[in-house]
Structures are given as C-alpha cells and as structure tokens.
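A.B. asks: My questions all concern the structure below.
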Amino acid sequence: MSENVRRVVSVIVVNEASVLSRITDLFSARGYNITSLTVAPIPESKYSRLTIVTSGSVRVIEQITKQLHKLIPVLKVYEHADLVEKEMALVKFPITENISDINAICEAYNGRIVNVGNDVIITMVADEPKRVEHYLEAIRRYNPKEIVRSGAVALER
Amino acid sequence: MQINGAQMVIEALIAEGVDTVFGYPGGAIMNVYDEIYKQNKFKHILTRHEQAAVHAAEGYSKASGKVGVAMITSGPGFTNAVTGLADAYMDSIPLVVISGQVPMSLIGTDAFQEIDAVGISRSCTKHNYLVTDAKDLGRVLKEAFYIAASGRPGPVHVDIPKDVTAQLGEFDYSIPVDIQTYKPHTKGNPRQIKKAMEAIAGSKRPLFYLGGGIINSNAAYEVRDLVKKTGIPAVETFMARGTLSFDDNLLISMLGMHGSYAANMAMSETDMVIALGARFDDRVTGKLSEFAKNAGVIHVDIDPASISKLVNADFPIVGDIKDVVNKMLELVGDINPDNYESWRETINNFDELHPLTFHENTANIKPQWVVKRVGELLGDDANISTDVGQHQMWSAQFYPFSRPRQWISSGGLGTMGFGFPAAIGVKAAAPEKISINITGDGSILMNIQELMTAVERKLPVINIILNNNYLGMVRQWQTLFYNKRHSETDLSVQPDFVKLSEAFGGIGYRVTTKEEFDFALKDAIEKNVVAIIDVVVERLENVMPMVPSGGSLFNMMLLEKKEK
C-alpha cells in the first residue's frame with residue numbers, strides 16, 4: 001500500500017494563461033513528485049495535453065488524479081495502465097569520437113545522427129524511457145558533451 | 001449600450017442579488033468605488049482592515065448561506081486579504097473577492113502597489129481570474145459566483161487591472177454559465193446508496209459522523225430526520241455544530257481532539273461509520289491507523305477528492321448531501337432502530353462514566369460557565385462566532401446549539417482575529433439575532449480595529465472575552481507537553497478593554513463575578529450597541545478532554561476528578 005509506484009498521468013486542460021502554474025502549484029503544495037512533464041497544445045482545439053510522469057503510493061496517485069480533476073480548467077485526467085510511452089533524447093558528441101559506432105548504437109534505439117557541425121555531432125533517439133536510459137548508459141564511453149531529455153509522452157493503447 | 005468595467009462589476013453584483021459588500025478602497029480599485037458611490041442597490045460596509053473585510057464576508061456567508069462578497073485594492077490591500085481567502089478555502093465558504101490590480105501596461109514592472117495577486121491566491125482559492133479585457137468581465141464574474149457556490153463551495157478571487165475597470169465594452173449578464181471543464185457531481189448514485197443502506201442495516205454499532213458539508217448543503221433538517229428515523233447515534237465535527245439540536249437524544253457530542261469521551265469512544269467502537277460531509281481531519285481522527293479501526297466506512301461527500309483521502313471508504317458516495325440523504329430517507333424502512341438499543345445503551349454508559357463537564361470549584365469564574373450561561377440566557381436567539389483557542393473549544397463543547405448556521409468559527413485554518421469581523425458579517429446577514437463573539441484576550445487584539453466598523457455601521461456585536469491573561473491554548477500545550485515552560489504566552493500586560501471599547505464609541509464591562517456577567521450581558525443586549533464584556537476567568541483552566549496530537553481517539557486525557 002505504501003509502496004511507491006511509477007505512473008504516467010495525462011491531463012487535458014484548457015489552453016489558457018497560468019494553467020500550467022495551477023498544475024505545478026498543486027504538485028508542490030501537496031508534496032507530490034513530478035519526474036517529468038511535457039506540455040503541448042492539442043491540434044485544432046482549445047485544449048492542451050500534459051503528460052506527467054509521477055510516483056507515489058497508490059493512495060497518493062489516486063489523490064493526484066482527483067486533485068487534478070478538481071482544478072477548474074482541467075477537462076480530463078487519465079491515469080494510464082496500458083500505454084505506448086516514448087521519450088526523446090538529444091546528445092552532443094565531439095566529432096573526434098567514433099561516429100560509426102555512435103550511429104550504430106543510435107539505430108538500435110530508434111535514432112540517428114541529426115546534425116554534423118565542425119566540432120560536434122548531435123544524435124537523436126526516441127524510445128521508451130527505460131530504453132532511453134539504457135542508450136544513455138551505452139554512449140557514456142563516447143564522452144557526450146551535453147544530454148537533453150524531453151520527458152515522456154504517452155497514449156493509451 | 002457600452003458601459004465601463006467598473007459599472008460592469010456593479011451590474012454583476014446587482015444581478016447576483018448581492019445586498020452587502022465588505023471592503024476597503026485604494027488606488028487600483030477606485031474606479032469601482034466611484035461606481036459604488038453612485039448606486040444604491042447594495043450597501044458597502046467599510047471595514048478597517050482588508051483581512052476583516054474578507055472575514056466579515058465569511059461571517060455573512062456562513063450565517064446567510066449566500067455568497068459573501070469582499071472588495072479590496074491591489075498590493076497590500078490584496079495581501080492583507082489573503083488570510084481571509086485561505087480561511088474560506090479551508091472551511092469551504094463561498095466568497096467572491098474582487099481586487100484591483102495595477103493597469104495592464106504596468107503589470108510586471110514592479111509598479112506601485114503591484115503584487116502577483118493571482119499567483120498568490122492560486123493555492124488558497126477554489127479558482128481565480130486575472131481579467132485582461134472588459135469584455136470578459138461579465139462572464140468571469142458570473143462564473144466566479146457559480147464556482148464559489150456550486151460543488152464544494154469555496155472562495156473565488158477576481159483580480160481586475162485599473163484600466164480594465166475604465167475600459168468600455170458591451171455587457172450581457174444573461175448568458176448562462178457554461179464551463180466545459182467544471183461539472184460538479186451532485187446526484188448520489190442510487191445503487192451505491194442502496195448498498196450503503198444495506199450495510200447500515202447489517203451493522204450492529206453504526207454511527208453517524210456529521211460534518212460541515214451538511215451545513216453547506218443546507219441539509220441539516222433532512223439529516224435530523226434521517227438520524228431520528230434510523231435511531232442511529234451521531235457525533236458532530238466542530239464544523240457541523242448545530243446540525244442536530246443540542247437536546248437531540250441521539251446526538252452524542254463533538255468528537256476529536258477536544259471531543260467528548262462518549263463521542264470519541266463511540267467512534268472507536270463503531271462497526272459502521274456513516275460520514276456525511278466530513279473530511280477525516282487530523283484534529284478529528286487522531287492517530288489514523290487506530291481511527292474507527294474495526295468499522296466499515298460509508299463516505300458521502302460532494303468532493304471526490306475528500307473520499308478515501310485519509311481513510312479508505314468501503315462505500316464511497318459522491319453527491320450533494322441533501323440529495324443523498326433524501327435518497328437514504330426513501331430506504332429508511334429497511335433499518336430497524338430497535339436493533340441499536342444496546343449500542344445506544346453502551347454510548348450512554350460512556351457518557352455517564354465521563355460526561356462532558358467542568359468543575360465549579362473556585363472563587364473565579366470558569367470560562368466554560370460563561371459559555372454555558374450565554375447559552376442559558378440566549379440559546380436560540382444568538383448566533384455565536386468565535387476566535388481561535390481555548391475559548392473556541394469551550395464554545396464548541398458547551399454552547400447549546402439548536403440550529404444550523406448558528407455557529408460561525410474558523411475550523412480548518414484556525415485564524416485568530418476571525419471572530420469579531422465574522423460576527424459583524426453575521427449581524428449584517430441576520431440582524432434579528434443577537435451576534436455574539438466569544439473570544440480570548442489574545443485573539444481579540446488581532447482585529448480590534450473593527451470596533452470602529454461595528455460602531456459606525458451600528459452592528460451591535462457583543463464581544464465576550466474569556467480573559468485568562470494567557471495565550472491560553474498554547475499555554476495549555478506548554479503546560480502539558482513542554483514542562484510548563486510558558487514561552488511568550490503570558491499576556492498579563494493588557495489594555496483596559498472597557499476604555500478601549502469606549503474609545504471607539506462602544507460600551508465595555510469588566511466582569512469578575514457571575515452576577516456581574518449576567519448584568520453585563522443583559523445590559524449590553526438592552527442597550528443594543530457594540531460591546532466588550534471582559535470576563536476575568538480562571539487562569540490555568542485546560543480544555544478537556546484532550547487527545548494529544550497524533551494520539552488515538554480512545555486515549556484521552558480526561559477531566560481530573562473533582563478535588564476536595
């Protein structure tokens with residue numbers, strides 16, 4: 001019961017000023033965790049979709065969904081059980097590293113080289129958050145200069 | 001026809017049937033005050049502090065059941081009002097609080113009297129708005145009133161920049177509220193209600209746990225009916241006082257930290273808790289894992305987030321208490337009151353073992369006696385507001401409440417300084433009743449300036465100070481849990497409250513005997529002016545029984561047996 005679980009919660013909100021603050025204020029005020037958070041407008045609607053990765057006991061997760069729902073501009077809250085979940089990571093490497101090795105690893109994680117500059121290359125992978133972590137583990141030996149993760153997005157199957 | 005934003009505010013308030021606004025003007029809200037000056041449809045009561053304006057609106061709302069309205073200016077006007085917003089949020093009181101804001105062009109520039117008001121109020125309101133265009137004002141104000149009063153009630157804050165109140169625009173208040181994302185669930189699920197009633201019928205020691213939601217839902221008389229027809233005993237939370245009448249045989253008393261022995265024992269022994277509009281607050285439950293340990297839980301609440309938040313509900317029912325209780329009443333034939341005879345007997349024995357009482361054994365007036373005496377003399381004729389502390393608990397314990405909305409006190413937030421301005425709002429809402437503020441020598445000084453408001457507007461609130469020269473509740477904890485180190489709680493240095501009241505144009509009494517108290521109260525009522533009755537009470541009296549913070553309900557510190 002008090003054991004922590006990881007959950008992905010999608011929140012459909014009216015796309016209006018300060019709506020994101022309402023969501024994040026709620027999490028901080030009630031002491032809930034945000035592992036990652038992504039937001040973007042839903043095409044051709046007045047709504048935005050937030051994907052929040054959070055963790056907590058089952059009771060806390062239940063409270064999170066209820067409290068989110070209580071916010072006036074919140075239309076729907078989905079606590080996902082069976083979902084497709086993807087996250088993106090961009091990584092910058094020195095051009096002096098072994099590019100073909102890096103490229104091969106990227107391909108194994110749904111990715112590729114997306115930019116080549118004078119001194120650096122940039123790679124992109126998009127995969128399940130767990131797999132993105134594995135990828136980041138695998139490329140450590142190639143001295144990545146910068147890593148950016150997007151946070152997860154998810155859709156119910 | 002085009003009107004300006006300030007006129008829209010006035011038109012909206014009139015359309016909402018507002019008859020009283022509490023407030024305090026200032027730079028950013030001046031356009032609206034100019035329109036207040038020009039109209040005669042509602043009255044404006046000038047408090048002497050913005051915090052008091054909001055508390056007065058709360059008192060007004062609690063006594064009347066209507067949405068309370070307060071108006072303040074930007075910056076410090078708003079920040080002063082925040083305590084009131086937070087108080088209303090914690091106690092689910094419907095308010096619309098309108099604040100001025102610096103003009104749009106100055107927002108974000110650290111302008112004079114600028115503060116991010118909606119940023120601050122976000123966490124202590126049900127909802128808030130920053131209105132950036134006068135064309136939105138009508139819709140926003142209409143939504144504000146609707147949101148404040150519907151579902152689980154609460155305060156809504158509307159922040160309006162000064163240029164928006166000057167801006168001209170079309171105004172149509174007849175457009176119905178349509179908020180796609182806000183549809184409160186008011187109708188209880190009949191099947192779930194039926195299951196709950198079967199569970200009650202199958203239980204041996206059921207107990208009603210009545211909460212403040214009943215008062216908000218105006219369902220007290222339906223609940224009285226339900227309690228009577230089922231023969232099931234009931235405990236009330238602090239917020240629910242007055243739901244059942246004090247002389248109802250099935251009312252045990254208040255439960256919780258300062259609840260009666262019988263109420264707390266009943267909760268500990270019950271096998272079926274029927275929670276109606278109560279939220280299992282820590283001051284009620286004590287140690288959660290021991291709370292109603294062997295009981296099933298039926299939890300009726302309009303706020304789904306309140307259900308299974310702290311105690312798991314076996315029968316969750318989301319809905320308005322009135323609707324759900326009415327549906328329960330239809331099924332009440334399945335419950336046989338005779339089944340609970342021995343349970344009622346058990347509870348009566350608890351009560352006989354340790355009744356809720358106090359010892360009359362010293363030369364000094366006991367604070368509890370004052371509360372009891374006010375009850376004997378005024379009973380149903382008075383509305384009782386309080387501040388926060390020992391006097392508040394004694395009031396909740398010993399006043400004979402006979403009706404809902406008679407009891408006005410800051411429960412969730414526990415705001416000292418609430419009582420007097422709230423009692424002013426109560427008097428404005430219910431002039432036919434005597435408005436009493438039972439207070440302490442600590443609390444009264446937190447909004448003492450409201451003597452001026454009450455005197456000016458001829459709102460004859462009677463403040464009864466249970467004066468023990470201590471910040472009594474903190475002193476009690478220090479005595480019990482801090483080895484009597486009374487850190488900063490000795491309030492021996494005091495103003496002359498009689499002269500203080502007189503200085504503002506009220507009357508005052510200093511009382512040291514019971515006879516003097518009777519005289520003072522009767523005299524103050526007869527003179528019908530603002531009064532302070534400063535009652536010198538036993539200094540070291542403790543509020544008992546007491547469940548120490550975090551302890552189990554059944555583990556109470558009890559009133560010591562009468563010393564010889």
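So you can find residues: chains in the structure tokens are A, B, ... in the order shown, residues in each start at 1, and ligands are numbered from 1 in order.
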Quick one: residues within 9 Å of Asp490 of chain B, only C-alpha atoms, excluding same-chain residues fewer than 4 positions away - as a list in words?

C.D. replies: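 Here the qualifying residues turn out to be Asn469, Tyr470, Leu471, Gly472, Arg475 and His486 of chain B.
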
A.B. asks: Could you write out the selected residues, including C-alpha atoms, as a PDB file, in the first residue's frame?

C.D. replies:
ATOM      1  CA  ASN B 469      -4.192  36.724  30.681  1.00  0.00           C
ATOM      2  CA  TYR B 470      -2.729  33.949  28.592  1.00  0.00           C
ATOM      3  CA  LEU B 471      -2.500  32.810  25.038  1.00  0.00           C
ATOM      4  CA  GLY B 472      -4.451  30.004  26.580  1.00  0.00           C
ATOM      5  CA  ARG B 475      -0.140  27.844  27.279  1.00  0.00           C
ATOM      6  CA  HIS B 486       5.281  29.181  29.193  1.00  0.00           C
TER       7      HIS B 486
END

A.B. asks: What are the nearest atom pairs, with distances in Å to one decimal, for all residues of chain A that come at most 9 Å from chain B, using only C-alpha atoms, set out by chain and rising residue number as CSV?

C.D. replies:
residue,atom,partner,partner_atom,distance
A:Val13,CA,B:Thr181,CA,8.1
A:Val14,CA,B:Thr181,CA,7.9
A:Ser18,CA,B:Gly119,CA,8.5
A:Ser21,CA,B:Gly119,CA,8.3
A:Arg22,CA,B:Arg122,CA,7.0
A:Asp25,CA,B:Ser123,CA,7.0
A:Leu26,CA,B:Ser123,CA,7.5
A:Ala29,CA,B:Ser123,CA,7.4
A:Arg59,CA,B:Lys309,CA,7.3
A:Val60,CA,B:Lys309,CA,8.3
A:Glu62,CA,B:Lys309,CA,8.4
A:Gln63,CA,B:Ala305,CA,6.3
A:Ile64,CA,B:Ala305,CA,8.8
A:Thr65,CA,B:Ala305,CA,8.7
A:Lys66,CA,B:Ala305,CA,5.1
A:Gln67,CA,B:Ala305,CA,6.0
A:His69,CA,B:Ala305,CA,8.7
A:Lys70,CA,B:Ala305,CA,7.7
A:Leu71,CA,B:His127,CA,7.7
A:Ile72,CA,B:Tyr182,CA,5.6
A:Pro73,CA,B:Thr181,CA,5.6
A:Val74,CA,B:Thr181,CA,5.7
A:Leu75,CA,B:Thr181,CA,4.5
A:Lys76,CA,B:Thr181,CA,7.9

A.B. asks: Generate the output file for the selected residues, C-alpha atoms, as a CSV table (one decimal), in the first residue's frame.

C.D. replies:
chain,number,residue,atom,x,y,z
A,13,VAL,CA,-6.6,21.3,-19.8
A,14,VAL,CA,-8.0,24.5,-21.3
A,18,SER,CA,-1.4,30.3,-15.9
A,21,SER,CA,1.1,27.0,-12.8
A,22,ARG,CA,-2.1,25.6,-11.4
A,25,ASP,CA,1.4,24.5,-7.8
A,26,LEU,CA,-0.9,21.6,-6.9
A,29,ALA,CA,1.5,22.3,-2.4
A,59,ARG,CA,-3.4,6.3,-2.5
A,60,VAL,CA,-1.2,9.3,-3.4
A,62,GLU,CA,-5.4,8.4,-6.6
A,63,GLN,CA,-5.3,11.7,-4.8
A,64,ILE,CA,-3.2,13.2,-7.6
A,65,THR,CA,-5.8,12.3,-10.2
A,66,LYS,CA,-8.7,13.5,-8.1
A,67,GLN,CA,-7.0,16.8,-7.1
A,69,HIS,CA,-9.6,16.8,-11.7
A,70,LYS,CA,-10.8,19.4,-9.2
A,71,LEU,CA,-8.9,22.2,-10.9
A,72,ILE,CA,-11.5,24.2,-12.8
A,73,PRO,CA,-9.6,24.3,-16.2
A,74,VAL,CA,-9.0,20.5,-16.2
A,75,LEU,CA,-11.2,18.6,-18.7
A,76,LYS,CA,-9.9,15.1,-18.3

A.B. asks: Would you kindly return, as a PDB file with C-alpha atoms, in the first residue's frame, each protein, DNA or RNA residue with an atom no farther than 12 Å from any atom of Glu352 of chain B, considering only C-alpha atoms and excluding same-chain residues fewer than 3 positions away?

C.D. replies:
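Written file, around.pdb:
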ATOM      1  CA  ILE B 252     -23.578  12.297  21.498  1.00  0.00           C
ATOM      2  CA  SER B 260     -16.376  14.240  24.493  1.00  0.00           C
ATOM      3  CA  TYR B 261     -15.302  10.904  25.921  1.00  0.00           C
ATOM      4  CA  ALA B 262     -18.514   9.274  24.708  1.00  0.00           C
ATOM      5  CA  GLU B 345     -27.042   1.970  25.910  1.00  0.00           C
ATOM      6  CA  THR B 346     -23.283   1.449  25.603  1.00  0.00           C
ATOM      7  CA  ILE B 347     -22.815   5.038  24.495  1.00  0.00           C
ATOM      8  CA  ASN B 348     -24.978   6.354  27.311  1.00  0.00           C
ATOM      9  CA  ASN B 349     -22.782   4.449  29.714  1.00  0.00           C
ATOM     10  CA  PRO B 355     -19.621  13.333  30.906  1.00  0.00           C
ATOM     11  CA  LEU B 356     -18.569  16.491  29.144  1.00  0.00           C
ATOM     12  CA  THR B 357     -18.421  18.867  32.063  1.00  0.00           C
TER      13      THR B 357
END

A.B. asks: Which residues come within 8 Å of Leu459 of chain B, counting only C-alpha atoms, excluding same-chain residues fewer than 4 positions away, as a list in words?

C.D. replies: Ile424, Lys427, Ala428, Ala454, Val455, Val529 and Val530 of chain B

A.B. asks: Just how far from atom CA of Val543 of chain B is atom CA of Leu288 of chain B, in Å to one decimal?

C.D. replies: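 Atom CA of Val543 of chain B lies at a distance of 22.3 Å from atom CA of Leu288 of chain B.
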
A.B. asks: At a cut-off of 12 Å, using only C-alpha atoms, what residues contact Phe280 of chain B? Leave out same-chain residues fewer than 4 positions from it and give the result as a PyMOL selection string.

C.D. replies: chain B and resi 209-212+236-239+255-256+267+273-276+284-288+291-292+297+299-301+306-313+412

A.B. asks: Just how far from atom CA of Ala17 of chain A is atom CA of His55 of chain B, in Å to one decimal?

C.D. replies: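 These two atoms are separated by 29.2 Å.
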